[in-house]
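Undergrad: data.txt is reproduced below (compact mmCIF, C-alpha atoms and all ligand atoms).
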```
# COMPACT_ATOMS: atom_id res chain seq x y z
CA MET E 13 -91.85 -84.62 -37.50
CA PHE E 14 -94.84 -85.55 -39.69
CA GLU E 15 -94.61 -84.64 -43.37
CA ILE E 16 -98.17 -85.61 -44.18
CA VAL E 17 -101.28 -85.22 -42.02
CA ILE E 18 -104.42 -86.99 -43.19
CA ILE E 19 -107.85 -86.38 -41.70
CA GLY E 20 -110.11 -89.41 -42.04
CA ALA E 21 -109.18 -93.11 -42.19
CA GLY E 22 -111.77 -94.12 -44.79
CA MET E 23 -110.74 -95.49 -48.16
CA ALA E 24 -109.38 -92.18 -49.51
CA GLY E 25 -107.34 -91.36 -46.38
CA SER E 26 -106.08 -94.90 -45.88
CA VAL E 27 -104.88 -95.38 -49.46
CA LEU E 28 -103.07 -92.05 -49.32
CA ALA E 29 -101.56 -92.90 -45.91
CA GLU E 30 -100.23 -96.16 -47.31
CA ARG E 31 -98.91 -94.58 -50.51
CA PHE E 32 -97.04 -91.79 -48.71
CA ALA E 33 -95.77 -94.12 -45.96
CA SER E 34 -94.44 -96.56 -48.54
CA SER E 35 -92.62 -93.72 -50.28
CA GLY E 36 -90.77 -93.00 -47.04
CA LYS E 37 -92.87 -90.12 -45.66
CA LYS E 38 -93.99 -89.93 -42.03
CA VAL E 39 -97.78 -89.83 -41.90
CA LEU E 40 -100.17 -88.84 -39.13
CA LEU E 41 -103.66 -90.23 -39.75
CA ILE E 42 -106.46 -88.76 -37.63
CA GLU E 43 -109.86 -90.39 -37.37
CA ARG E 44 -112.88 -89.17 -35.42
CA ARG E 45 -114.56 -92.54 -35.16
CA GLN E 46 -113.37 -95.44 -33.01
CA HIS E 47 -112.52 -97.46 -36.08
CA ILE E 48 -110.76 -97.36 -39.45
CA ALA E 49 -112.19 -98.04 -42.94
CA GLY E 50 -114.81 -95.26 -42.92
CA ASN E 51 -118.16 -96.34 -44.29
CA CYS E 52 -116.61 -99.57 -45.61
CA TYR E 53 -116.27 -100.67 -41.97
CA ASP E 54 -117.49 -104.22 -41.41
CA GLU E 55 -117.56 -106.57 -38.43
CA VAL E 56 -118.75 -110.05 -37.52
CA ASP E 57 -122.05 -109.78 -35.65
CA GLY E 58 -123.65 -111.96 -32.96
CA ASN E 59 -124.92 -114.36 -35.65
CA GLY E 60 -121.37 -114.96 -36.92
CA ILE E 61 -122.10 -113.00 -40.09
CA LEU E 62 -119.87 -110.29 -41.54
CA ILE E 63 -122.04 -107.19 -41.78
CA HIS E 64 -121.39 -103.75 -43.29
CA LYS E 65 -122.25 -101.33 -40.54
CA TYR E 66 -122.80 -98.38 -42.90
CA GLY E 67 -124.74 -100.21 -45.61
CA PRO E 68 -123.75 -102.61 -48.39
CA HIS E 69 -120.41 -101.88 -50.07
CA LEU E 70 -119.78 -104.00 -53.14
CA PHE E 71 -116.39 -103.88 -54.76
CA HIS E 72 -116.21 -103.79 -58.56
CA THR E 73 -113.76 -102.24 -60.98
CA ASP E 74 -112.51 -102.40 -64.55
CA ASP E 75 -109.13 -101.09 -63.49
CA ALA E 76 -106.47 -103.82 -63.19
CA GLN E 77 -104.13 -101.47 -61.34
CA ILE E 78 -106.67 -100.95 -58.55
CA TRP E 79 -107.43 -104.66 -58.38
CA GLU E 80 -103.72 -105.52 -58.11
CA TYR E 81 -103.12 -102.83 -55.53
CA LEU E 82 -105.91 -104.06 -53.23
CA SER E 83 -104.83 -107.67 -53.76
CA ARG E 84 -101.67 -106.80 -51.83
CA PHE E 85 -103.80 -106.33 -48.72
CA THR E 86 -106.49 -108.98 -49.04
CA GLU E 87 -107.49 -112.32 -50.45
CA TRP E 88 -110.80 -112.31 -52.30
CA HIS E 89 -114.12 -114.06 -52.17
CA LEU E 90 -115.27 -114.03 -55.81
CA TYR E 91 -118.76 -112.59 -55.82
CA PHE E 92 -121.11 -111.17 -58.43
CA HIS E 93 -123.60 -108.82 -56.87
CA LYS E 94 -127.29 -109.49 -57.59
CA VAL E 95 -130.19 -107.15 -56.89
CA LYS E 96 -133.91 -107.60 -57.31
CA ALA E 97 -136.63 -104.97 -57.20
CA VAL E 98 -140.14 -105.70 -56.05
CA ILE E 99 -142.55 -104.68 -58.81
CA ASP E 100 -146.25 -105.25 -58.21
CA GLY E 101 -145.40 -107.60 -55.35
CA LYS E 102 -142.85 -109.68 -57.25
CA PRO E 103 -139.03 -109.52 -56.95
CA VAL E 104 -137.53 -109.21 -60.46
CA PRO E 105 -133.90 -108.82 -61.65
CA LEU E 106 -132.21 -105.42 -61.64
CA PRO E 107 -130.82 -103.77 -63.73
CA PHE E 108 -133.94 -104.15 -65.80
CA ASN E 109 -132.95 -106.61 -68.56
CA PHE E 110 -134.55 -109.14 -70.91
CA ASN E 111 -135.13 -111.57 -68.05
CA THR E 112 -137.00 -108.80 -66.21
CA LEU E 113 -139.08 -108.06 -69.32
CA HIS E 114 -140.27 -111.66 -69.36
CA GLU E 115 -141.06 -111.59 -65.64
CA VAL E 116 -143.26 -108.50 -65.78
CA PHE E 117 -144.95 -108.65 -69.22
CA PRO E 118 -146.90 -111.33 -71.07
CA PRO E 119 -144.68 -113.33 -73.49
CA SER E 120 -145.86 -111.63 -76.70
CA LEU E 121 -145.24 -108.11 -75.37
CA ALA E 122 -141.91 -109.10 -73.78
CA ASP E 123 -140.74 -110.64 -77.10
CA LYS E 124 -141.76 -107.54 -79.02
CA LEU E 125 -139.97 -105.17 -76.61
CA GLU E 126 -136.89 -107.37 -76.64
CA ALA E 127 -136.75 -107.32 -80.44
CA THR E 128 -137.19 -103.53 -80.55
CA LEU E 129 -134.46 -102.98 -77.96
CA LEU E 130 -132.11 -105.22 -79.91
CA GLU E 131 -132.84 -103.30 -83.12
CA ARG E 132 -132.10 -99.92 -81.51
CA PHE E 133 -129.27 -100.62 -79.10
CA GLU E 134 -126.07 -102.58 -79.02
CA TYR E 135 -126.16 -105.93 -77.21
CA GLY E 136 -124.65 -105.75 -73.71
CA LYS E 137 -124.97 -101.95 -73.42
CA LYS E 138 -126.60 -100.18 -70.46
CA ILE E 139 -129.05 -97.48 -71.52
CA PRO E 140 -130.03 -94.92 -68.85
CA ILE E 141 -133.84 -94.72 -68.58
CA LEU E 142 -133.89 -91.01 -69.38
CA GLU E 143 -132.19 -91.82 -72.69
CA LEU E 144 -134.72 -94.57 -73.35
CA LYS E 145 -137.49 -92.10 -72.59
CA LYS E 146 -136.30 -89.98 -75.53
CA SER E 147 -136.96 -92.84 -78.01
CA VAL E 148 -139.31 -92.07 -80.87
CA ASP E 149 -140.57 -95.64 -80.80
CA LYS E 150 -143.91 -95.83 -78.90
CA ASP E 151 -143.14 -99.27 -77.41
CA LEU E 152 -139.83 -98.06 -76.01
CA GLN E 153 -141.49 -94.96 -74.59
CA PHE E 154 -144.00 -97.23 -72.90
CA LEU E 155 -141.16 -99.33 -71.46
CA ALA E 156 -139.25 -96.25 -70.28
CA ASP E 157 -142.36 -94.88 -68.57
CA PHE E 158 -142.99 -98.24 -66.94
CA ILE E 159 -139.44 -98.47 -65.53
CA TYR E 160 -139.49 -94.81 -64.53
CA GLU E 161 -142.70 -95.24 -62.57
CA LYS E 162 -142.13 -98.71 -61.09
CA ILE E 163 -138.40 -98.60 -60.32
CA PHE E 164 -137.04 -95.07 -60.37
CA LEU E 165 -139.62 -92.52 -59.28
CA HIS E 166 -140.73 -93.58 -55.82
CA TYR E 167 -137.39 -95.15 -54.86
CA SER E 168 -135.59 -91.94 -55.70
CA GLU E 169 -138.11 -89.71 -53.94
CA LYS E 170 -137.64 -91.84 -50.82
CA GLN E 171 -133.89 -92.05 -51.17
CA TRP E 172 -133.22 -88.38 -51.84
CA GLY E 173 -136.22 -86.64 -50.31
CA LEU E 174 -136.46 -84.60 -53.52
CA SER E 175 -138.87 -84.34 -56.41
CA PRO E 176 -137.51 -86.19 -59.48
CA ASP E 177 -136.72 -83.00 -61.45
CA LYS E 178 -134.23 -82.03 -58.72
CA ILE E 179 -132.40 -85.37 -58.84
CA SER E 180 -129.14 -85.14 -60.76
CA GLY E 181 -128.47 -86.95 -64.05
CA ALA E 182 -125.48 -88.61 -62.34
CA VAL E 183 -128.02 -90.44 -60.17
CA THR E 184 -130.55 -91.35 -62.87
CA ALA E 185 -127.71 -92.78 -64.99
CA ARG E 186 -127.45 -95.43 -62.28
CA VAL E 187 -130.84 -96.83 -63.33
CA PRO E 188 -130.31 -98.31 -66.79
CA VAL E 189 -131.90 -100.92 -69.01
CA LEU E 190 -129.42 -103.62 -69.88
CA ILE E 191 -129.62 -104.95 -73.42
CA GLY E 192 -129.24 -108.67 -72.72
CA ARG E 193 -129.79 -111.29 -70.05
CA ASP E 194 -126.99 -110.48 -67.64
CA ASP E 195 -128.59 -110.42 -64.20
CA ARG E 196 -125.47 -109.14 -62.44
CA TYR E 197 -125.80 -105.66 -60.94
CA PHE E 198 -122.34 -104.69 -62.23
CA GLN E 199 -120.60 -105.71 -65.43
CA ASP E 200 -117.04 -104.79 -64.39
CA LYS E 201 -114.14 -107.09 -65.13
CA PHE E 202 -113.13 -107.45 -61.48
CA GLN E 203 -115.84 -108.17 -58.92
CA ALA E 204 -115.17 -109.63 -55.48
CA MET E 205 -115.41 -109.04 -51.76
CA PRO E 206 -112.38 -108.85 -49.48
CA LYS E 207 -112.37 -112.36 -47.99
CA PHE E 208 -112.02 -111.19 -44.38
CA GLY E 209 -113.74 -107.85 -44.87
CA TYR E 210 -112.81 -104.26 -45.67
CA THR E 211 -111.73 -103.46 -42.11
CA LYS E 212 -109.08 -106.18 -42.26
CA LEU E 213 -108.01 -104.98 -45.70
CA VAL E 214 -107.60 -101.40 -44.47
CA ARG E 215 -105.86 -102.57 -41.29
CA ASN E 216 -103.30 -104.36 -43.48
CA MET E 217 -102.94 -101.21 -45.56
CA LEU E 218 -102.21 -99.10 -42.49
CA ASP E 219 -99.84 -101.59 -40.90
CA HIS E 220 -96.73 -99.54 -41.68
CA LYS E 221 -94.01 -98.13 -39.44
CA ASN E 222 -94.38 -94.68 -41.03
CA ILE E 223 -98.08 -94.37 -40.16
CA LYS E 224 -99.21 -93.06 -36.79
CA LEU E 225 -102.95 -93.57 -36.37
CA LEU E 226 -105.01 -91.53 -33.90
CA LEU E 227 -108.54 -92.90 -33.48
CA ASN E 228 -111.28 -91.15 -31.47
CA THR E 229 -109.77 -87.81 -32.41
CA ASP E 230 -111.67 -84.95 -33.95
CA PHE E 231 -109.27 -82.92 -36.07
CA HIS E 232 -110.21 -79.78 -34.10
CA GLU E 233 -108.46 -81.35 -31.10
CA VAL E 234 -105.07 -81.39 -32.79
CA MET E 235 -105.10 -78.79 -35.54
CA ASN E 236 -106.62 -75.53 -36.66
CA LEU E 237 -106.37 -73.01 -39.47
CA ARG E 238 -105.13 -69.46 -38.78
CA GLY E 239 -105.09 -67.03 -41.66
CA GLU E 240 -103.76 -69.16 -44.47
CA GLU E 241 -101.68 -71.39 -42.23
CA ILE E 242 -102.16 -74.76 -40.58
CA TYR E 243 -101.35 -75.30 -36.92
CA LEU E 244 -100.75 -78.82 -35.67
CA PHE E 245 -100.43 -79.33 -31.90
CA ASP E 246 -100.16 -75.53 -31.75
CA LYS E 247 -97.10 -75.41 -34.01
CA LYS E 248 -97.08 -74.16 -37.57
CA PHE E 249 -97.32 -77.12 -39.94
CA ASP E 250 -95.67 -76.74 -43.34
CA GLY E 251 -96.25 -80.25 -44.65
CA ARG E 252 -99.23 -81.44 -46.68
CA LEU E 253 -102.69 -81.75 -45.15
CA ILE E 254 -105.07 -84.17 -46.81
CA TYR E 255 -108.63 -83.63 -45.73
CA THR E 256 -111.30 -86.27 -46.37
CA GLY E 257 -114.08 -85.01 -44.09
CA GLN E 258 -116.96 -82.66 -44.86
CA LEU E 259 -115.56 -79.50 -46.37
CA ASP E 260 -117.97 -77.23 -44.49
CA GLU E 261 -116.55 -78.52 -41.18
CA LEU E 262 -113.02 -77.57 -42.15
CA PHE E 263 -114.17 -73.96 -42.39
CA ASP E 264 -116.49 -73.99 -39.38
CA LYS E 265 -119.54 -73.92 -41.69
CA LYS E 266 -118.97 -70.25 -42.39
CA PHE E 267 -121.01 -70.42 -45.62
CA GLY E 268 -123.70 -72.62 -44.08
CA GLU E 269 -124.12 -76.38 -43.97
CA LEU E 270 -123.64 -78.56 -47.03
CA PRO E 271 -126.63 -80.88 -47.37
CA TYR E 272 -126.15 -84.65 -47.28
CA ARG E 273 -128.61 -87.50 -47.23
CA SER E 274 -128.50 -89.88 -44.32
CA ILE E 275 -129.87 -93.37 -43.77
CA ASP E 276 -131.14 -94.99 -40.62
CA MET E 277 -129.57 -98.46 -40.83
CA LYS E 278 -131.79 -100.97 -39.03
CA PHE E 279 -130.30 -104.44 -38.61
CA GLU E 280 -132.54 -107.38 -37.73
CA THR E 281 -131.94 -111.02 -36.95
CA VAL E 282 -134.31 -113.40 -38.70
CA ASP E 283 -134.70 -116.95 -37.41
CA GLU E 284 -134.39 -118.56 -40.83
CA GLU E 285 -131.45 -119.90 -42.86
CA ILE E 286 -132.16 -117.53 -45.77
CA PHE E 287 -134.57 -114.62 -45.79
CA GLN E 288 -134.90 -113.42 -49.40
CA SER E 289 -134.30 -114.38 -53.03
CA ALA E 290 -131.28 -112.11 -53.66
CA PRO E 291 -128.50 -110.47 -51.59
CA VAL E 292 -130.26 -107.11 -52.02
CA VAL E 293 -133.97 -106.60 -52.68
CA ASN E 294 -135.15 -103.07 -53.47
CA TYR E 295 -138.61 -101.86 -52.53
CA PRO E 296 -139.23 -98.87 -54.81
CA ASN E 297 -142.94 -98.51 -54.16
CA ASN E 298 -144.04 -99.59 -50.71
CA TYR E 299 -142.62 -99.26 -47.20
CA ASP E 300 -140.48 -96.47 -45.77
CA PHE E 301 -137.26 -98.38 -46.36
CA THR E 302 -135.62 -98.50 -49.81
CA ARG E 303 -133.98 -101.90 -49.70
CA ILE E 304 -133.11 -104.97 -47.66
CA THR E 305 -129.61 -106.45 -47.68
CA GLU E 306 -128.97 -109.99 -46.49
CA PHE E 307 -125.27 -110.17 -45.63
CA LYS E 308 -125.05 -113.96 -45.52
CA GLN E 309 -125.61 -113.93 -49.28
CA ILE E 310 -122.63 -111.58 -49.73
CA HIS E 311 -120.23 -113.19 -47.24
CA PRO E 312 -121.20 -116.85 -46.84
CA ALA E 313 -121.55 -117.94 -43.19
CA LYS E 314 -122.83 -121.02 -41.42
CA SER E 315 -125.62 -119.95 -39.11
CA PRO E 316 -129.19 -121.09 -38.54
CA ARG E 317 -130.10 -117.39 -38.46
CA THR E 318 -129.59 -114.58 -40.92
CA THR E 319 -128.92 -110.84 -40.51
CA ILE E 320 -130.79 -108.36 -42.65
CA LEU E 321 -130.49 -104.60 -42.99
CA LYS E 322 -133.37 -102.26 -43.82
CA GLU E 323 -132.36 -98.78 -44.99
CA PHE E 324 -134.61 -95.88 -44.04
CA PRO E 325 -133.47 -92.67 -45.79
CA GLN E 326 -133.62 -89.53 -43.67
CA GLU E 327 -132.42 -85.97 -43.50
CA TYR E 328 -128.84 -85.55 -42.34
CA VAL E 329 -128.54 -83.66 -39.08
CA ALA E 330 -124.97 -82.85 -37.99
CA GLY E 331 -123.99 -84.70 -34.83
CA LYS E 332 -127.08 -86.96 -34.93
CA ASN E 333 -126.59 -89.28 -37.89
CA GLU E 334 -124.12 -90.02 -40.69
CA PRO E 335 -123.68 -88.01 -43.92
CA TYR E 336 -123.83 -90.74 -46.58
CA TYR E 337 -124.64 -89.07 -49.88
CA PRO E 338 -123.96 -85.54 -51.14
CA ILE E 339 -127.18 -83.99 -52.49
CA PHE E 340 -126.56 -82.48 -55.91
CA THR E 341 -129.08 -79.67 -56.08
CA ASP E 342 -128.00 -76.40 -57.71
CA GLU E 343 -128.03 -74.64 -54.33
CA ALA E 344 -125.83 -77.33 -52.78
CA LYS E 345 -123.39 -77.21 -55.68
CA ALA E 346 -123.17 -73.41 -55.35
CA ALA E 347 -122.51 -73.72 -51.61
CA TYR E 348 -119.82 -76.32 -52.25
CA GLU E 349 -118.14 -73.98 -54.76
CA LYS E 350 -117.81 -71.33 -52.05
CA TYR E 351 -116.00 -73.78 -49.78
CA SER E 352 -113.91 -74.99 -52.67
CA ALA E 353 -112.81 -71.40 -53.44
CA GLU E 354 -111.92 -70.96 -49.77
CA LEU E 355 -109.87 -74.14 -49.90
CA SER E 356 -107.88 -72.92 -52.90
CA ARG E 357 -106.40 -70.17 -50.67
CA PHE E 358 -104.47 -72.88 -48.81
CA LYS E 359 -101.51 -74.08 -50.84
CA ASN E 360 -100.89 -77.16 -48.73
CA ILE E 361 -104.38 -78.62 -48.24
CA THR E 362 -105.90 -81.17 -50.61
CA ALA E 363 -109.52 -82.34 -50.35
CA VAL E 364 -110.10 -85.98 -51.32
CA GLY E 365 -113.08 -88.31 -51.21
CA ARG E 366 -116.86 -88.47 -51.23
CA LEU E 367 -117.40 -86.04 -48.36
CA ALA E 368 -114.61 -83.55 -49.06
CA GLU E 369 -115.13 -83.35 -52.82
CA TYR E 370 -118.91 -83.69 -52.63
CA ARG E 371 -118.90 -86.47 -55.22
CA TYR E 372 -120.77 -89.77 -55.55
CA TYR E 373 -117.57 -91.84 -55.71
CA ASP E 374 -117.69 -95.63 -55.77
CA ILE E 375 -114.89 -97.45 -53.93
CA ASP E 376 -112.75 -97.89 -57.03
CA ASP E 377 -113.30 -94.25 -58.09
CA VAL E 378 -112.05 -92.98 -54.77
CA ILE E 379 -108.97 -95.21 -54.90
CA LYS E 380 -108.24 -93.97 -58.40
CA ARG E 381 -108.58 -90.39 -57.19
CA ALA E 382 -106.24 -91.14 -54.24
CA PHE E 383 -103.64 -92.50 -56.69
CA GLU E 384 -103.92 -89.32 -58.81
CA VAL E 385 -103.50 -87.11 -55.74
CA PHE E 386 -100.49 -89.12 -54.61
CA ASP E 387 -98.87 -88.89 -58.06
CA SER E 388 -99.44 -85.15 -58.24
CA LEU E 389 -98.01 -84.49 -54.76
CA ASN E 390 -95.20 -86.97 -54.49
CA HIS E 391 -92.14 -85.36 -55.99
N1 LIG D 1 -132.46 -96.25 -57.94
C1 LIG D 1 -133.81 -96.35 -58.17
N2 LIG D 1 -134.44 -97.55 -58.01
C2 LIG D 1 -133.76 -98.66 -57.65
C3 LIG D 1 -132.38 -98.58 -57.43
C4 LIG D 1 -131.76 -97.35 -57.56
O1 LIG D 1 -134.46 -95.36 -58.50
O2 LIG D 1 -134.38 -99.74 -57.50
C5 LIG D 1 -131.80 -94.92 -58.09
C6 LIG D 1 -131.93 -94.11 -56.81
O3 LIG D 1 -132.06 -92.73 -57.15
C7 LIG D 1 -130.59 -94.40 -56.15
C8 LIG D 1 -129.64 -94.51 -57.34
O4 LIG D 1 -130.42 -95.10 -58.35
O5 LIG D 1 -130.23 -93.38 -55.26
C9 LIG D 1 -128.41 -95.34 -57.08
O6 LIG D 1 -128.76 -96.55 -56.49
P1 LIG D 1 -127.70 -97.70 -56.10
O7 LIG D 1 -128.41 -98.69 -55.28
O8 LIG D 1 -127.05 -98.20 -57.35
O9 LIG D 1 -126.56 -96.92 -55.29
P2 LIG D 1 -126.13 -96.90 -53.76
O10 LIG D 1 -127.25 -96.28 -52.96
O11 LIG D 1 -125.86 -98.31 -53.35
O12 LIG D 1 -124.92 -96.00 -53.77
```
Do you think you could lay out the structure here as structure tokens?
Ligand code: UDP

TA:
Amino acid sequence: MFEIVIIGAGMAGSVLAERFASSGKKVLLIERRQHIAGNCYDEVDGNGILIHKYGPHLFHTDDAQIWEYLSRFTEWHLYFHKVKAVIDGKPVPLPFNFNTLHEVFPPSLADKLEATLLERFEYGKKIPILELKKSVDKDLQFLADFIYEKIFLHYSEKQWGLSPDKISGAVTARVPVLIGRDDRYFQDKFQAMPKFGYTKLVRNMLDHKNIKLLLNTDFHEVMNLRGEEIYLFDKKFDGRLIYTGQLDELFDKKFGELPYRSIDMKFETVDEEIFQSAPVVNYPNNYDFTRITEFKQIHPAKSPRTTILKEFPQEYVAGKNEPYYPIFTDEAKAAYEKYSAELSRFKNITAVGRLAEYRYYDIDDVIKRAFEVFDSLNH
């Protein structure tokens, strides 16, 4: 009866469900949680503020196709994300840019560093700090060391629970110096938030007669693998299975657990109109939390109070907390490869998404990947 079975109703699973359903296929979408939209899930809280239950999710893309696709399911609230980082007690703009230079250094030094950066790098470019660190120029080395110490090092140790040499280049590339005065966190062409939230967007996406959604359902309850075959409701299933969960779970962790990093998300109500000077303020150096998000500054709301979220990174323990980030150590990558080899024995299973592919996908990346998977399978 079903031609496509999808495990997980996050962004990857939901986009694929919609794509296949719209092409006339019958889709069964199975979700363990009580809600759709995965970690993009948002809801209006007791203060009347739209909060992101699994941490801040900011949409940005350069891809017009993705923008147009999502625009079929939502209106937008135009929004440029802003982040500050507290350095020596003072919140300053991130990514580190010329405005930040002038906030942290005396004018003569800031001017000198600005001129040197402009000589060496193209205006508007983002230079990862590790690249800046390689500069021969002594002033730029000083700047790279400063940013490394004050913004990257302690934040990343907290966030990943690893020493900096074990943290992947894919992560450090996310901490650049921006050559210019653009205080926006992202420079993409399209930046906005779904006006009524991601959950509503995904609900619209899944509102299709060809999609049957099962919430509160662990995939083990309805399907299992025997030999190289898939059994659905105890009958052999010859359609396509799209799996967006943790790959180790699909194979009963037979090669051990894949490590992920978790976060303890602590929401607080503050009895003030506005709590902080930017929607997100990072605390690289003090406190056990990494950052504070103030959702009212992302989704405007009229309330005398404000809701903030403090993120406390922690070890992921299966069944106790959520697996947010894959950890890219060499051991973890090797373990993933074993599962990936196991997966390749199954002709009709495709792994998609941050958990299943063990990749640090942004929202637009995962949608792009879902489109590619759909194109490769839909013939
Ligand atoms: N990072 C950092 N200092 C900061 C912000 C980010 O060192 O003030 C590093 C850190 O390793 C983090 C990575 O950059 O894990 C990506 O951070 P970002 O906030 O962009 O990503 P998110 O956690 O929202 O996916």

Undergrad: Could you list, as a tab-separated table (two decimals) with C-alpha atoms, in the frame of the given file, all residues that come within 6 Å of ligand LIG 1 (chain D)? Count only C-alpha atoms and all ligand atoms.

TA:
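Dumped everything to part.tsv:
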```tsv
chain	number	residue	atom	x	y	z
E	97	ALA	CA	-136.63	-104.97	-57.20
E	163	ILE	CA	-138.40	-98.60	-60.32
E	164	PHE	CA	-137.04	-95.07	-60.37
E	165	LEU	CA	-139.62	-92.52	-59.28
E	167	TYR	CA	-137.39	-95.15	-54.86
E	168	SER	CA	-135.59	-91.94	-55.70
E	171	GLN	CA	-133.89	-92.05	-51.17
E	183	VAL	CA	-128.02	-90.44	-60.17
E	184	THR	CA	-130.55	-91.35	-62.87
E	186	ARG	CA	-127.45	-95.43	-62.28
E	187	VAL	CA	-130.84	-96.83	-63.33
E	294	ASN	CA	-135.15	-103.07	-53.47
E	296	PRO	CA	-139.23	-98.87	-54.81
```

Undergrad: Distance CA of Gln46 in chain E-CA of Ile63 in chain E, one decimal place?

TA: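 Separation of CA of Gln46 in chain E and CA of Ile63 in chain E: 17.0 Å.
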
Undergrad: How big is the axis-aligned box, and where does its centre sit, when it encloses all atoms of range 315-324 of chain E listed in the file and has 5 Å added on every side, reported in Å to one decimal as lines of an AutoDock Vina configuration file?

TA:
```
center_x = -130.1
center_y = -108.5
center_z = -41.7
size_x = 19.0
size_y = 35.2
size_z = 16.5
```

Undergrad: Once you count all atoms listed in the file, what closest atom pair and distance in Å to one decimal does each residue of range 22-138 of chain E within 12 Å of range 368-378 of chain E have, with rows by chain and rising residue number, as CSV?

TA:
```
residue,atom,partner,partner_atom,distance
E:Gly22,CA,E:Val378,CA,10.0
E:Met23,CA,E:Val378,CA,7.2
E:Ala24,CA,E:Val378,CA,6.0
E:Gly25,CA,E:Val378,CA,9.8
E:Ser26,CA,E:Val378,CA,10.9
E:Val27,CA,E:Val378,CA,9.2
E:Leu28,CA,E:Val378,CA,10.5
E:Ala49,CA,E:Ile375,CA,11.3
E:Gly50,CA,E:Ile375,CA,11.2
E:Asn51,CA,E:Ile375,CA,10.2
E:Cys52,CA,E:Ile375,CA,8.8
E:Pro68,CA,E:Ile375,CA,11.7
E:His69,CA,E:Ile375,CA,8.1
E:Leu70,CA,E:Ile375,CA,8.2
E:Phe71,CA,E:Ile375,CA,6.7
E:His72,CA,E:Asp376,CA,7.0
E:Thr73,CA,E:Asp376,CA,6.0
E:Asp74,CA,E:Asp376,CA,8.8
E:Asp75,CA,E:Asp376,CA,8.1
E:Ala76,CA,E:Asp376,CA,10.6
E:Gln77,CA,E:Asp376,CA,10.3
E:Ile78,CA,E:Asp376,CA,7.0
E:Trp79,CA,E:Asp376,CA,8.7
E:Glu80,CA,E:Asp376,CA,11.9
E:Tyr81,CA,E:Asp376,CA,10.9
E:Leu82,CA,E:Asp376,CA,10.0
```

Undergrad: For Ser83 in chain E, which of E:Lys332, E:Lys350, E:Lys207, E:Arg366 is the closest residue, counting all atoms listed in the file?

TA: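 For Ser83 in chain E, the nearest of the given residues is E:Lys207.
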
Undergrad: Determine, counting only C-alpha atoms, which protein, DNA and RNA residues have an atom within 7 Å of an atom of range 192-204 of chain E; residues of the same chain fewer than 3 positions away are not included. Present the result as a VMD selection string.

TA: chain E and resid 71 to 74 88 to 95 105 to 107 109 to 111 135 to 136

Undergrad: Please list as a PyMOL selection string every residue within 8 Å of Leu253 in chain E, counting all atoms listed in the file and excluding residues in the same chain fewer than 2 positions away.

TA: chain E and resi 16-19+251+255+360-362

Undergrad: Mind dumping the selected residues with C-alpha atoms as a compact mmCIF listing (two decimals), in the coordinates of the input?

TA:
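File produced: out_25.txt:
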```txt
# COMPACT_ATOMS: atom_id res chain seq x y z
CA ILE E 16 -98.17 -85.61 -44.18
CA VAL E 17 -101.28 -85.22 -42.02
CA ILE E 18 -104.42 -86.99 -43.19
CA ILE E 19 -107.85 -86.38 -41.70
CA GLY E 251 -96.25 -80.25 -44.65
CA TYR E 255 -108.63 -83.63 -45.73
CA ASN E 360 -100.89 -77.16 -48.73
CA ILE E 361 -104.38 -78.62 -48.24
CA THR E 362 -105.90 -81.17 -50.61
```

Undergrad: For Ala346 in chain E, find every residue with an atom within 12 Å (counting all atoms listed in the file), except residues of its own chain fewer than 3 positions away, and show them as a JSON list (two decimals) with C-alpha atoms, keeping the file's coordinate frame.

TA:
```
[["chain", "number", "residue", "atom", "x", "y", "z"],
["E", 267, "PHE", "CA", -121.01, -70.42, -45.62],
["E", 268, "GLY", "CA", -123.70, -72.62, -44.08],
["E", 269, "GLU", "CA", -124.12, -76.38, -43.97],
["E", 270, "LEU", "CA", -123.64, -78.56, -47.03],
["E", 271, "PRO", "CA", -126.63, -80.88, -47.37],
["E", 339, "ILE", "CA", -127.18, -83.99, -52.49],
["E", 340, "PHE", "CA", -126.56, -82.48, -55.91],
["E", 341, "THR", "CA", -129.08, -79.67, -56.08],
["E", 342, "ASP", "CA", -128.00, -76.40, -57.71],
["E", 343, "GLU", "CA", -128.03, -74.64, -54.33],
["E", 349, "GLU", "CA", -118.14, -73.98, -54.76],
["E", 350, "LYS", "CA", -117.81, -71.33, -52.05],
["E", 351, "TYR", "CA", -116.00, -73.78, -49.78],
["E", 352, "SER", "CA", -113.91, -74.99, -52.67],
["E", 353, "ALA", "CA", -112.81, -71.40, -53.44],
["E", 370, "TYR", "CA", -118.91, -83.69, -52.63]]
```

Undergrad: What is the CA of Val39 in chain E-CA of Leu226 in chain E distance in Å, reported with one decimal?

TA: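 Computing the Euclidean distance for CA of Val39 in chain E and CA of Leu226 in chain E yields 10.9 Å.
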
Undergrad: Tell me, in Å to one decimal, how far CA of Phe324 in chain E is from CA of Val56 in chain E.

TA: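 Spanning CA of Phe324 in chain E to CA of Val56 in chain E is a straight-line distance of 22.2 Å.
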
Undergrad: Using only C-alpha atoms, pick whichever of E:Asn59, E:Gln153, E:Ala185, E:Thr302 has the shortest atom-to-atom distance to Val282 in chain E.

TA: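 When distances to Val282 in chain E are compared using only C-alpha atoms, the smallest one comes from E:Asn59.
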
Undergrad: In terms of the shortest atom-to-atom distance over all atoms listed in the file, which of E:His64, E:Lys162, E:Glu43, E:Ser180 is closest to Lys345 in chain E?

TA: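 Ranking E:His64, E:Lys162, E:Glu43, E:Ser180 by distance to Lys345 in chain E, first place goes to E:Ser180.
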
Undergrad: With a distance cut-off of 9 Å and only C-alpha atoms, select the neighbouring residues of Lys212 in chain E, excluding the residue or stretch itself and same-chain residues fewer than 6 positions from it, and output the selection as a ChimeraX atom specification.

TA: /E:49,54,85-86,206
